[in-house]
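Colleague: Sharing structure.cif here; it has mmCIF, C-alpha atoms and all ligand atoms.
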data_protein
#
loop_
_atom_site.label_atom_id
_atom_site.label_comp_id
_atom_site.auth_asym_id
_atom_site.auth_seq_id
_atom_site.Cartn_x
_atom_site.Cartn_y
_atom_site.Cartn_z
CA MET A 1 -0.99 -7.47 -13.00
CA SER A 2 -2.29 -10.56 -14.73
CA LYS A 3 -5.76 -11.57 -13.73
CA ALA A 4 -4.76 -15.22 -13.57
CA LEU A 5 -4.56 -16.82 -10.16
CA ILE A 6 -1.35 -15.72 -8.47
CA THR A 7 0.08 -18.77 -6.77
CA SER A 8 3.56 -17.57 -5.91
CA PRO A 9 4.15 -15.21 -2.96
CA LEU A 10 5.53 -11.72 -3.44
CA PRO A 11 9.34 -11.83 -3.10
CA TRP A 12 9.34 -9.95 0.23
CA HIS A 13 6.81 -12.44 1.62
CA ARG A 14 8.67 -15.57 0.50
CA GLU A 15 10.38 -16.20 3.85
CA ALA A 16 7.15 -15.69 5.83
CA TRP A 17 5.32 -17.96 3.40
CA ASP A 18 7.86 -20.77 3.78
CA ALA A 19 7.97 -20.34 7.56
CA PHE A 20 4.18 -20.59 7.70
CA HIS A 21 4.19 -23.86 5.77
CA GLN A 22 6.99 -25.20 7.95
CA GLN A 23 4.85 -24.49 11.03
CA LEU A 24 1.95 -26.34 9.45
CA ARG A 25 4.21 -29.31 8.72
CA ASN A 26 5.26 -29.26 12.37
CA GLY A 27 1.60 -29.59 13.30
CA GLN A 28 1.36 -26.03 14.66
CA ILE A 29 -2.00 -25.43 13.10
CA SER A 30 -4.23 -22.65 14.30
CA HIS A 31 -7.80 -21.75 13.40
CA SER A 32 -7.32 -18.02 13.47
CA PHE A 33 -4.50 -15.80 12.32
CA LEU A 34 -3.96 -12.08 12.60
CA ILE A 35 -1.85 -11.15 9.59
CA SER A 36 -0.38 -7.67 9.91
CA ALA A 37 1.78 -5.57 7.62
CA GLU A 38 2.14 -2.01 6.39
CA ALA A 39 -0.74 -0.71 4.28
CA GLN A 40 -0.53 -1.58 0.59
CA SER A 41 2.38 -3.98 1.00
CA GLY A 42 0.50 -7.03 -0.26
CA LYS A 43 -0.90 -8.70 2.85
CA ARG A 44 -4.31 -9.16 1.28
CA LEU A 45 -2.65 -10.95 -1.61
CA PHE A 46 -0.70 -13.09 0.88
CA ALA A 47 -3.90 -14.02 2.72
CA THR A 48 -5.80 -14.69 -0.50
CA MET A 49 -3.04 -16.99 -1.71
CA LEU A 50 -3.05 -18.72 1.64
CA ALA A 51 -6.80 -19.24 1.37
CA GLN A 52 -6.47 -20.54 -2.18
CA TRP A 53 -3.73 -22.92 -1.08
CA LEU A 54 -5.82 -24.19 1.85
CA LEU A 55 -8.78 -24.75 -0.49
CA CYS A 56 -6.81 -26.30 -3.37
CA GLU A 57 -7.52 -29.99 -3.97
CA THR A 58 -4.02 -30.76 -5.25
CA PRO A 59 -1.55 -28.19 -3.83
CA LYS A 60 2.00 -28.45 -5.11
CA HIS A 61 5.16 -27.26 -3.38
CA ASN A 62 3.32 -25.09 -0.86
CA GLN A 63 1.33 -23.45 -3.64
CA ALA A 64 -2.18 -23.79 -5.03
CA CYS A 65 -2.20 -25.80 -8.28
CA GLY A 66 -4.23 -23.17 -10.14
CA GLN A 67 -6.03 -25.89 -12.11
CA CYS A 68 -8.31 -27.95 -9.86
CA GLY A 69 -12.02 -27.19 -9.45
CA ALA A 70 -11.47 -25.29 -6.20
CA CYS A 71 -8.69 -23.19 -7.76
CA LEU A 72 -10.84 -22.35 -10.80
CA LEU A 73 -13.66 -21.24 -8.50
CA SER A 74 -11.22 -19.19 -6.40
CA ASP A 75 -9.84 -17.65 -9.57
CA ALA A 76 -13.34 -16.61 -10.63
CA GLY A 77 -14.00 -15.18 -7.17
CA SER A 78 -16.87 -17.61 -6.64
CA ASN A 79 -15.54 -20.32 -4.35
CA PRO A 80 -18.43 -20.97 -1.92
CA ASP A 81 -15.98 -22.05 0.79
CA PHE A 82 -14.19 -18.71 0.80
CA ILE A 83 -15.77 -15.53 2.12
CA ILE A 84 -14.28 -12.04 2.39
CA VAL A 85 -15.54 -9.53 4.93
CA GLN A 86 -14.40 -5.94 4.69
CA PRO A 87 -15.67 -2.49 5.63
CA GLU A 88 -18.45 -1.29 3.39
CA GLU A 89 -17.14 1.45 1.17
CA LYS A 90 -18.42 4.56 2.86
CA SER A 91 -18.54 3.58 6.52
CA LYS A 92 -14.97 2.21 6.86
CA ILE A 93 -16.39 0.10 9.65
CA ILE A 94 -17.24 -3.58 9.79
CA LYS A 95 -20.77 -3.75 11.12
CA ILE A 96 -22.54 -6.39 13.15
CA ASP A 97 -24.84 -7.26 10.21
CA GLN A 98 -21.79 -8.34 8.22
CA ILE A 99 -20.68 -10.62 11.06
CA ARG A 100 -24.20 -12.03 11.35
CA GLU A 101 -24.02 -13.00 7.69
CA LEU A 102 -20.90 -14.97 8.55
CA LYS A 103 -22.93 -17.07 10.96
CA GLN A 104 -24.76 -18.66 8.09
CA PHE A 105 -21.49 -19.37 6.31
CA ILE A 106 -20.08 -20.95 9.47
CA GLU A 107 -23.19 -23.07 10.02
CA THR A 108 -23.30 -24.39 6.44
CA SER A 109 -20.95 -27.29 5.83
CA SER A 110 -18.17 -27.16 3.28
CA HIS A 111 -19.16 -27.56 -0.35
CA SER A 112 -16.12 -29.67 -1.09
CA PHE A 113 -15.73 -31.45 2.26
CA GLY A 114 -12.50 -29.50 2.71
CA LYS A 115 -11.71 -26.32 4.60
CA ARG A 116 -13.65 -23.08 4.69
CA ILE A 117 -11.90 -19.76 4.92
CA ILE A 118 -13.05 -16.44 6.33
CA LEU A 119 -10.85 -13.52 5.33
CA LEU A 120 -11.63 -10.46 7.40
CA ASP A 121 -9.89 -7.37 6.06
CA SER A 122 -9.16 -4.38 8.33
CA ALA A 123 -9.80 -6.13 11.66
CA GLU A 124 -9.07 -2.83 13.44
CA ASN A 125 -12.32 -1.51 11.94
CA LEU A 126 -14.66 -3.94 13.67
CA ASN A 127 -17.07 -1.96 15.76
CA ILE A 128 -17.56 -3.22 19.30
CA ASN A 129 -20.81 -5.09 18.57
CA ALA A 130 -19.33 -6.73 15.49
CA ALA A 131 -16.24 -7.71 17.49
CA ASN A 132 -18.39 -9.31 20.18
CA ALA A 133 -20.34 -11.24 17.57
CA LEU A 134 -17.11 -12.39 15.94
CA LEU A 135 -15.67 -13.56 19.27
CA LYS A 136 -18.13 -16.39 19.46
CA GLY A 137 -16.97 -17.66 16.08
CA LEU A 138 -13.34 -17.39 17.15
CA GLU A 139 -13.97 -19.16 20.44
CA GLU A 140 -15.80 -22.16 19.08
CA PRO A 141 -14.93 -22.48 15.40
CA PRO A 142 -16.06 -25.58 13.52
CA ALA A 143 -13.01 -27.76 12.86
CA ASP A 144 -12.87 -26.94 9.14
CA VAL A 145 -13.15 -23.13 9.44
CA ILE A 146 -10.04 -20.94 9.36
CA PHE A 147 -10.11 -17.22 10.11
CA LEU A 148 -7.58 -14.96 8.42
CA LEU A 149 -7.79 -11.49 9.97
CA LEU A 150 -5.84 -8.66 8.35
CA SER A 151 -4.71 -5.38 9.82
CA ASP A 152 -2.44 -2.43 9.02
CA ARG A 153 -2.57 -1.49 12.70
CA PRO A 154 -2.61 -4.70 14.75
CA LYS A 155 -2.28 -2.75 18.01
CA SER A 156 -5.65 -1.16 17.30
CA VAL A 157 -7.38 -4.53 17.03
CA LEU A 158 -9.40 -5.24 20.17
CA ALA A 159 -7.34 -7.37 22.54
CA THR A 160 -10.20 -9.84 22.97
CA ILE A 161 -9.90 -10.55 19.24
CA SER A 162 -6.13 -10.45 18.77
CA SER A 163 -5.48 -12.65 21.81
CA ARG A 164 -7.42 -15.45 20.11
CA CYS A 165 -5.37 -15.30 16.92
CA ARG A 166 -1.88 -16.38 16.09
CA ALA A 167 0.04 -13.25 15.07
CA LEU A 168 1.80 -13.27 11.71
CA LYS A 169 3.69 -10.07 10.96
CA LEU A 170 4.75 -9.67 7.36
CA PRO A 171 7.84 -7.62 6.46
CA LYS A 172 7.65 -4.60 4.20
CA PRO A 173 9.59 -4.65 0.96
CA THR A 174 12.90 -2.84 0.65
CA THR A 175 13.19 -0.29 -2.18
CA GLU A 176 15.44 -2.75 -4.03
CA GLN A 177 12.91 -5.56 -3.73
CA SER A 178 10.09 -3.28 -4.85
CA LEU A 179 12.00 -2.05 -7.90
CA GLN A 180 13.09 -5.55 -8.89
CA TRP A 181 9.54 -6.79 -8.60
CA LEU A 182 8.15 -3.85 -10.59
CA ALA A 183 10.69 -4.59 -13.33
CA THR A 184 9.32 -8.14 -13.63
CA GLN A 185 5.70 -6.96 -13.59
CA ALA A 186 6.06 -3.99 -15.94
CA PRO A 187 9.15 -4.81 -18.04
CA GLU A 188 8.03 -2.47 -20.86
CA THR A 189 8.46 0.61 -18.63
CA ALA A 190 11.69 2.55 -18.19
CA SER A 191 13.52 2.17 -14.90
CA GLU A 192 13.07 5.86 -14.01
CA GLU A 193 9.33 5.53 -14.58
CA ARG A 194 9.25 2.65 -12.12
CA GLU A 195 11.34 4.56 -9.62
CA PHE A 196 9.04 7.50 -9.76
CA ALA A 197 5.89 5.38 -9.61
CA LEU A 198 7.27 3.90 -6.40
CA ASP A 199 7.85 7.38 -5.02
CA TYR A 200 4.41 8.46 -5.99
CA ALA A 201 2.96 5.37 -4.34
CA GLN A 202 4.85 6.29 -1.16
CA GLY A 203 6.91 3.13 -1.33
CA SER A 204 4.07 0.68 -2.06
CA PRO A 205 5.04 -1.53 -5.02
CA LEU A 206 1.44 -2.67 -5.58
CA LYS A 207 0.17 0.89 -5.81
CA ALA A 208 3.14 1.75 -8.01
CA LEU A 209 2.18 -1.03 -10.40
CA ASN A 210 -1.31 0.45 -10.67
CA THR A 211 0.18 3.83 -11.51
CA LEU A 212 2.35 2.26 -14.21
CA ALA A 213 -0.62 0.38 -15.66
CA ASP A 214 -2.69 3.56 -15.80
CA GLU A 215 -2.04 4.80 -19.31
CA SER A 216 -3.88 8.06 -18.74
CA ALA A 217 -1.31 8.85 -16.07
CA GLU A 218 1.58 9.04 -18.54
CA ARG A 219 2.57 12.49 -17.28
CA LYS A 220 2.74 11.28 -13.70
CA LYS A 221 5.69 9.13 -14.68
CA THR A 222 7.70 12.08 -15.92
CA LEU A 223 6.63 14.39 -13.12
CA GLY A 224 9.39 13.31 -10.75
CA ASN A 225 12.11 14.04 -13.25
CA ASP A 226 10.52 17.36 -14.18
CA LEU A 227 10.45 18.43 -10.55
CA LEU A 228 14.11 17.45 -10.22
CA LYS A 229 14.93 19.58 -13.25
CA VAL A 230 13.32 22.70 -11.80
CA MET A 231 14.95 22.02 -8.43
CA LYS A 232 18.31 21.98 -10.19
CA GLY A 233 17.41 25.12 -12.14
CA GLN A 234 17.56 23.21 -15.44
CA GLU A 235 14.06 24.17 -16.48
CA ILE A 236 12.02 27.35 -16.19
CA VAL A 237 9.22 26.94 -13.65
CA SER A 238 6.45 28.46 -15.79
CA LYS A 239 7.36 26.14 -18.67
CA MET A 240 7.23 23.07 -16.46
CA VAL A 241 3.94 24.15 -14.85
CA SER A 242 2.37 24.84 -18.25
CA ARG A 243 2.48 21.10 -18.96
CA TYR A 244 0.66 20.13 -15.78
CA TYR A 245 -1.71 22.78 -14.52
CA LYS A 246 -4.69 21.93 -16.73
CA ASN A 247 -5.13 18.22 -16.07
CA ASP A 248 -2.54 17.08 -13.58
CA ALA A 249 -2.36 19.82 -10.97
CA LEU A 250 -3.47 17.53 -8.18
CA ASP A 251 -0.74 15.03 -9.08
CA VAL A 252 1.86 17.79 -8.77
CA LEU A 253 0.48 18.77 -5.36
CA ASN A 254 0.32 15.16 -4.17
CA VAL A 255 3.90 14.47 -5.16
CA LEU A 256 5.10 17.74 -3.67
CA SER A 257 3.39 17.12 -0.35
CA TYR A 258 4.81 13.60 -0.17
CA TRP A 259 8.31 14.69 -1.12
CA LEU A 260 8.34 17.60 1.31
CA SER A 261 7.02 15.50 4.18
CA VAL A 262 9.85 13.00 3.64
CA LEU A 263 12.54 15.57 2.92
CA VAL A 264 11.90 17.53 6.10
CA LYS A 265 12.19 14.38 8.22
CA PHE A 266 15.38 13.43 6.42
CA GLN A 267 16.83 16.93 6.65
CA ILE A 268 16.28 16.98 10.42
CA SER A 269 17.27 13.41 11.25
CA GLY A 270 19.74 12.47 8.52
CA ASN A 271 18.09 9.04 8.38
CA LYS A 272 18.47 7.85 4.78
CA ASP A 273 16.07 4.94 5.30
CA LEU A 274 13.20 7.43 5.29
CA VAL A 275 13.86 8.30 1.66
CA LYS A 276 12.34 5.63 -0.58
CA GLY A 277 12.67 5.56 -4.33
CA ARG A 278 15.48 6.90 -6.43
CA THR A 279 13.81 10.04 -7.73
CA LEU A 280 13.19 11.17 -4.20
CA GLN A 281 16.69 10.06 -3.18
CA GLN A 282 18.04 12.35 -5.90
CA ALA A 283 15.89 15.17 -4.57
CA ALA A 284 17.35 14.55 -1.11
CA THR A 285 20.88 14.99 -2.47
CA LEU A 286 19.87 18.49 -3.61
CA ILE A 287 19.53 19.74 -0.04
CA PRO A 288 22.36 22.30 0.11
CA ASP A 289 25.23 21.19 2.38
CA GLN A 290 25.02 24.25 4.58
CA ALA A 291 21.25 23.69 4.99
CA PHE A 292 21.53 20.14 6.26
CA GLN A 293 20.07 19.93 9.76
CA ALA A 294 19.83 23.74 9.83
CA ARG A 295 16.74 24.87 11.67
CA GLU A 296 16.02 27.66 9.23
CA PHE A 297 15.88 25.21 6.33
CA SER A 298 13.58 22.84 8.25
CA CYS A 299 11.22 25.74 8.85
CA ALA A 300 11.31 26.72 5.18
CA LEU A 301 10.53 23.13 4.10
CA LEU A 302 7.70 22.91 6.61
CA SER A 303 6.27 26.23 5.54
CA LEU A 304 6.29 25.13 1.89
CA TYR A 305 4.72 21.83 2.91
CA GLU A 306 1.92 23.72 4.66
CA ASN A 307 1.37 25.85 1.57
CA VAL A 308 1.09 22.73 -0.57
CA CYS A 309 -1.42 21.15 1.85
CA GLU A 310 -3.45 24.34 1.78
CA ALA A 311 -3.43 24.25 -2.03
CA GLN A 312 -4.63 20.63 -1.94
CA THR A 313 -7.57 21.75 0.21
CA GLN A 314 -8.31 24.61 -2.15
CA VAL A 315 -8.33 22.29 -5.17
CA ALA A 316 -10.70 19.92 -3.40
CA SER A 317 -13.05 22.75 -2.51
CA VAL A 318 -15.33 24.60 -4.90
CA SER A 319 -13.34 27.82 -4.78
CA ASN A 320 -11.95 27.24 -8.30
CA PRO A 321 -8.45 28.62 -7.78
CA ASN A 322 -6.17 29.72 -10.61
CA MET A 323 -4.13 26.53 -10.84
CA GLN A 324 -1.43 27.97 -13.05
CA LEU A 325 -0.60 30.76 -10.62
CA LEU A 326 -0.95 28.50 -7.62
CA LEU A 327 1.46 25.87 -9.00
CA GLU A 328 3.94 28.40 -10.32
CA ASP A 329 4.13 30.00 -6.90
CA LEU A 330 4.70 26.68 -5.11
CA VAL A 331 7.20 25.29 -7.62
CA LEU A 332 9.11 28.58 -7.56
CA GLN A 333 9.33 28.34 -3.78
CA LEU A 334 10.66 24.80 -4.21
CA GLN A 335 13.23 25.91 -6.73
CA HIS A 336 14.36 28.78 -4.57
CA LEU A 337 14.87 26.44 -1.60
CA PHE A 338 16.94 23.88 -3.45
CA ARG A 339 19.01 25.80 -5.95
CA GLN A 340 22.35 26.24 -4.23
CA ASP A 341 23.14 29.39 -6.21
CA THR A 342 20.01 31.09 -4.89
CA HIS A 343 21.32 30.89 -1.33
CA ASP A 344 23.61 33.67 -0.24
ZN ZN B 1 -5.85 -26.36 -6.97
#
Give the structure from the file, written as structure tokens.
Ligand SMILES: [Zn+2]

Modeller:
Amino acid sequence: MSKALITSPLPWHREAWDAFHQQLRNGQISHSFLISAEAQSGKRLFATMLAQWLLCETPKHNQACGQCGACLLSDAGSNPDFIIVQPEEKSKIIKIDQIRELKQFIETSSHSFGKRIILLDSAENLNINAANALLKGLEEPPADVIFLLLSDRPKSVLATISSRCRALKLPKPTTEQSLQWLATQAPETASEEREFALDYAQGSPLKALNTLADESAERKKTLGNDLLKVMKGQEIVSKMVSRYYKNDALDVLNVLSYWLSVLVKFQISGNKDLVKGRTLQQAATLIPDQAFQAREFSCALLSLYENVCEAQTQVASVSNPNMQLLLEDLVLQLQHLFRQDTHD
């Protein structure tokens, strides 16, 4: 993604963006918002754009101009009227010290005589003391301060906090929207690469874009198709594994565990909406007709899924397993499950 200031909302957020601005035009302004959406679906980008728009000196058509002094500062990540609070890397929790630092920000007046924005990411991770400290800010905010709280799990945000915020729930992108957007962001990639990247990112277009941009992950892009080939019996398992076991074994395991977790749910329920991304959709069509919703097949998928999870644990540990044998065994099990001619 370009590093330049993004001023236009993601396509799946466009409606929510316009609705938000309409509310503002109608005078329905609030000083605190709880913006919720699925993980990795772009809500932080939405909130950042909102902050940039609120700070912009000359906003145009509901968007930040990208050129004024405030926008240039925002772009450089150094706008003094915009502060981001998020869990510190290891703890995953927002601590009271971080909220105390906010106090100073709140008590200092705006540098540009405009608004000041506090973006608090992962509001569900406020510990109780931090939440209590934040409450005071939410109860009596200075007129120019706007709180943008973000959460993947809004129901886990303490009620004392969420009840003081206006809720804004953002939709998740459809597979079509994600693929169309990826095509505009990474036009030099092949469509099947984008489809697989979306699978690998478990349906998150932003994560998928990172995968596509990661040149060292070239093999990851072909992994989906290679797995499909062995599932169809079009490639010998040992040959396929020989390309991956040295450097990309964990990728194979990660994709397998994701695919199997989705496929088992689909095989039991028949709900096609669960299957995101075309590579995985193709894999779903390989479930033998007679196996669909058959208990025995569900058990076999689950058992393979457990084996893959166990292998992931082994790889993460220091036990130094023989990756070639481990992968061959798992991919063979996969092939045996899906090749129709291997079922009697
Ligand atoms: Zn501007």

Colleague: Identify which of the residues A:Ser41, A:Pro11, A:Thr279, A:Asn62 lies closest to ligand ZN 1 (chain B), counting all atoms listed in the file when measuring atom-to-atom distances.

Modeller: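 Of the candidates, the smallest distance to ligand ZN 1 (chain B) is held by A:Asn62.
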
Colleague: Grab the CA of Gln40 (chain A) to CA of Pro173 (chain A) distance for me, in Å with one decimal place.

Modeller: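 These two atoms are separated by 10.6 Å.
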
Colleague: Restricting the calculation to all atoms listed in the file: of A:Asp75, A:Asp121, A:Glu89, A:Glu296, which residue gets closest to Met49 (chain A)?

Modeller: A:Asp75

Colleague: Given the choices A:Arg278, A:His21, A:Lys265, A:Arg44, which gets closest to Leu179 (chain A) if the distance is worked out from only C-alpha atoms?

Modeller: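 Checking each of A:Arg278, A:His21, A:Lys265, A:Arg44 against Leu179 (chain A), counting only C-alpha atoms, the winner is A:Arg278.
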
Colleague: Could you give me the residues within 6 Å of ligand ZN 1 (chain B), counting only C-alpha atoms and all ligand atoms, as a list in words?

Modeller: Cys56, Glu57, Thr58, Pro59, Ala64, Cys65, Gly66, Gln67, Cys68, Ala70 and Cys71 of chain A

Colleague: So how many Å separate CA of Gln22 (chain A) and CA of Ser109 (chain A), to one decimal?

Modeller: 28.1 Å

Colleague: Taking (-10.9, -8.0, 16.0) in the file's own coordinates, collect the residues within 7 Å, counting all atoms listed in the file, and hand them back as a list in words.

Modeller: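 In the file's frame, the residues around the point are Ala123, Glu124, Leu126, Ala131, Val157, Leu158, Ile161 and Ser162 of chain A.
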
Colleague: Take the residues that were just selected and, keeping C-alpha atoms, output them as an mmCIF file, in the coordinates of the input.

Modeller:
data_model
loop_
_atom_site.group_PDB
_atom_site.id
_atom_site.type_symbol
_atom_site.label_atom_id
_atom_site.label_comp_id
_atom_site.auth_asym_id
_atom_site.auth_seq_id
_atom_site.Cartn_x
_atom_site.Cartn_y
_atom_site.Cartn_z
ATOM 1 C CA ALA A 123 -9.800 -6.130 11.660
ATOM 2 C CA GLU A 124 -9.070 -2.830 13.440
ATOM 3 C CA LEU A 126 -14.660 -3.940 13.670
ATOM 4 C CA ALA A 131 -16.240 -7.710 17.490
ATOM 5 C CA VAL A 157 -7.380 -4.530 17.030
ATOM 6 C CA LEU A 158 -9.400 -5.240 20.170
ATOM 7 C CA ILE A 161 -9.900 -10.550 19.240
ATOM 8 C CA SER A 162 -6.130 -10.450 18.770
#

Colleague: For a test of reading the model, state the distance in Å between CA of Tyr305 (chain A) and CA of Ser257 (chain A), rounded to one decimal.

Modeller: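 Going from CA of Tyr305 (chain A) over to CA of Ser257 (chain A), I get 5.9 Å.
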
Colleague: Show me, as a PDB file with C-alpha atoms, in the coordinates of the input, the residues that have an atom within 10 Å of Asn307 (chain A) when counting all atoms listed in the file, minus same-chain residues fewer than 5 positions from it.

Modeller:
ATOM      1  CA  LEU A 253       0.480  18.770  -5.360  1.00  0.00           C
ATOM      2  CA  SER A 257       3.390  17.120  -0.350  1.00  0.00           C
ATOM      3  CA  LEU A 301      10.530  23.130   4.100  1.00  0.00           C
ATOM      4  CA  LEU A 302       7.700  22.910   6.610  1.00  0.00           C
ATOM      5  CA  GLN A 312      -4.630  20.630  -1.940  1.00  0.00           C
ATOM      6  CA  THR A 313      -7.570  21.750   0.210  1.00  0.00           C
ATOM      7  CA  LEU A 326      -0.950  28.500  -7.620  1.00  0.00           C
ATOM      8  CA  ASP A 329       4.130  30.000  -6.900  1.00  0.00           C
ATOM      9  CA  LEU A 330       4.700  26.680  -5.110  1.00  0.00           C
ATOM     10  CA  GLN A 333       9.330  28.340  -3.780  1.00  0.00           C
TER      11      GLN A 333
END

Colleague: As a list of chain:residue names, please: the residues near Gly203 (chain A) (cut-off 10 Å, all atoms listed in the file, same-chain neighbours under 4 positions excluded).

Modeller: A:Gln40, A:Ser41, A:Lys172, A:Pro173, A:Thr174, A:Thr175, A:Ser178, A:Leu179, A:Glu195, A:Phe196, A:Ala197, A:Leu198, A:Asp199, A:Lys207, A:Ala208, A:Val275, A:Lys276, A:Gly277

Colleague: I'd like the contact shell of Lys272 (chain A) - 12 Å cut-off, only C-alpha atoms, skipping same-chain residues fewer than 6 positions apart - returned as a list of chain:residue names.

Modeller: A:Thr175, A:Val262, A:Leu263, A:Val264, A:Lys265, A:Phe266, A:Arg278, A:Leu280, A:Gln281, A:Gln282, A:Ala284, A:Thr285

Colleague: Residues within 8 Å of region 95-104 of chain A, please, as a PDB file with C-alpha atoms, in the coordinates of the input. Count all atoms listed in the file; anything in the same chain fewer than 6 positions from it doesn't count.

Modeller:
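Result file result.pdb:
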ATOM      1  CA  VAL A  85     -15.540  -9.530   4.930  1.00  0.00           C
ATOM      2  CA  PRO A  87     -15.670  -2.490   5.630  1.00  0.00           C
ATOM      3  CA  LEU A 126     -14.660  -3.940  13.670  1.00  0.00           C
ATOM      4  CA  ASN A 127     -17.070  -1.960  15.760  1.00  0.00           C
ATOM      5  CA  ASN A 129     -20.810  -5.090  18.570  1.00  0.00           C
ATOM      6  CA  ALA A 130     -19.330  -6.730  15.490  1.00  0.00           C
ATOM      7  CA  ALA A 131     -16.240  -7.710  17.490  1.00  0.00           C
ATOM      8  CA  ALA A 133     -20.340 -11.240  17.570  1.00  0.00           C
ATOM      9  CA  LEU A 134     -17.110 -12.390  15.940  1.00  0.00           C
ATOM     10  CA  GLY A 137     -16.970 -17.660  16.080  1.00  0.00           C
TER      11      GLY A 137
END

Colleague: Excluding Leu223 (chain A) and its own-chain neighbours fewer than 2 positions away, which residues fall within 12 Å of it when counting all atoms listed in the file? Please give them as an MDAnalysis selection string.

Modeller: chainID A and resid 192:193 195:197 199:200 217:221 225:230 240:241 243:245 248:256 279:280

Colleague: Quick one: region 277-291 of chain A with N, CA and C atoms, as a compact mmCIF listing (two decimals), in the coordinates of the input?

Modeller:
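That gives us out.txt:
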# COMPACT_ATOMS: atom_id res chain seq x y z
N GLY A 277 12.80 5.26 -2.90
CA GLY A 277 12.67 5.56 -4.33
C GLY A 277 13.77 6.48 -4.81
N ARG A 278 14.28 6.18 -6.00
CA ARG A 278 15.48 6.90 -6.43
C ARG A 278 15.23 8.33 -6.84
N THR A 279 14.06 8.64 -7.34
CA THR A 279 13.81 10.04 -7.73
C THR A 279 13.84 10.92 -6.48
N LEU A 280 13.21 10.42 -5.45
CA LEU A 280 13.19 11.17 -4.20
C LEU A 280 14.58 11.18 -3.55
N GLN A 281 15.32 10.08 -3.71
CA GLN A 281 16.69 10.06 -3.18
C GLN A 281 17.54 11.13 -3.87
N GLN A 282 17.31 11.29 -5.18
CA GLN A 282 18.04 12.35 -5.90
C GLN A 282 17.64 13.73 -5.38
N ALA A 283 16.34 13.88 -5.12
CA ALA A 283 15.89 15.17 -4.57
C ALA A 283 16.56 15.44 -3.23
N ALA A 284 16.73 14.38 -2.43
CA ALA A 284 17.35 14.55 -1.11
C ALA A 284 18.80 15.02 -1.23
N THR A 285 19.48 14.57 -2.31
CA THR A 285 20.88 14.99 -2.47
C THR A 285 20.97 16.48 -2.83
N LEU A 286 19.85 17.08 -3.22
CA LEU A 286 19.87 18.49 -3.61
C LEU A 286 19.74 19.43 -2.41
N ILE A 287 19.56 18.87 -1.21
CA ILE A 287 19.53 19.74 -0.04
C ILE A 287 20.93 20.36 0.10
N PRO A 288 21.03 21.68 0.05
CA PRO A 288 22.36 22.30 0.11
C PRO A 288 23.11 21.89 1.38
N ASP A 289 24.42 21.66 1.24
CA ASP A 289 25.23 21.19 2.38
C ASP A 289 25.03 22.04 3.63
N GLN A 290 25.09 23.35 3.41
CA GLN A 290 25.02 24.25 4.58
C GLN A 290 23.62 24.23 5.23
N ALA A 291 22.63 23.68 4.46
CA ALA A 291 21.25 23.69 4.99
C ALA A 291 20.94 22.42 5.78
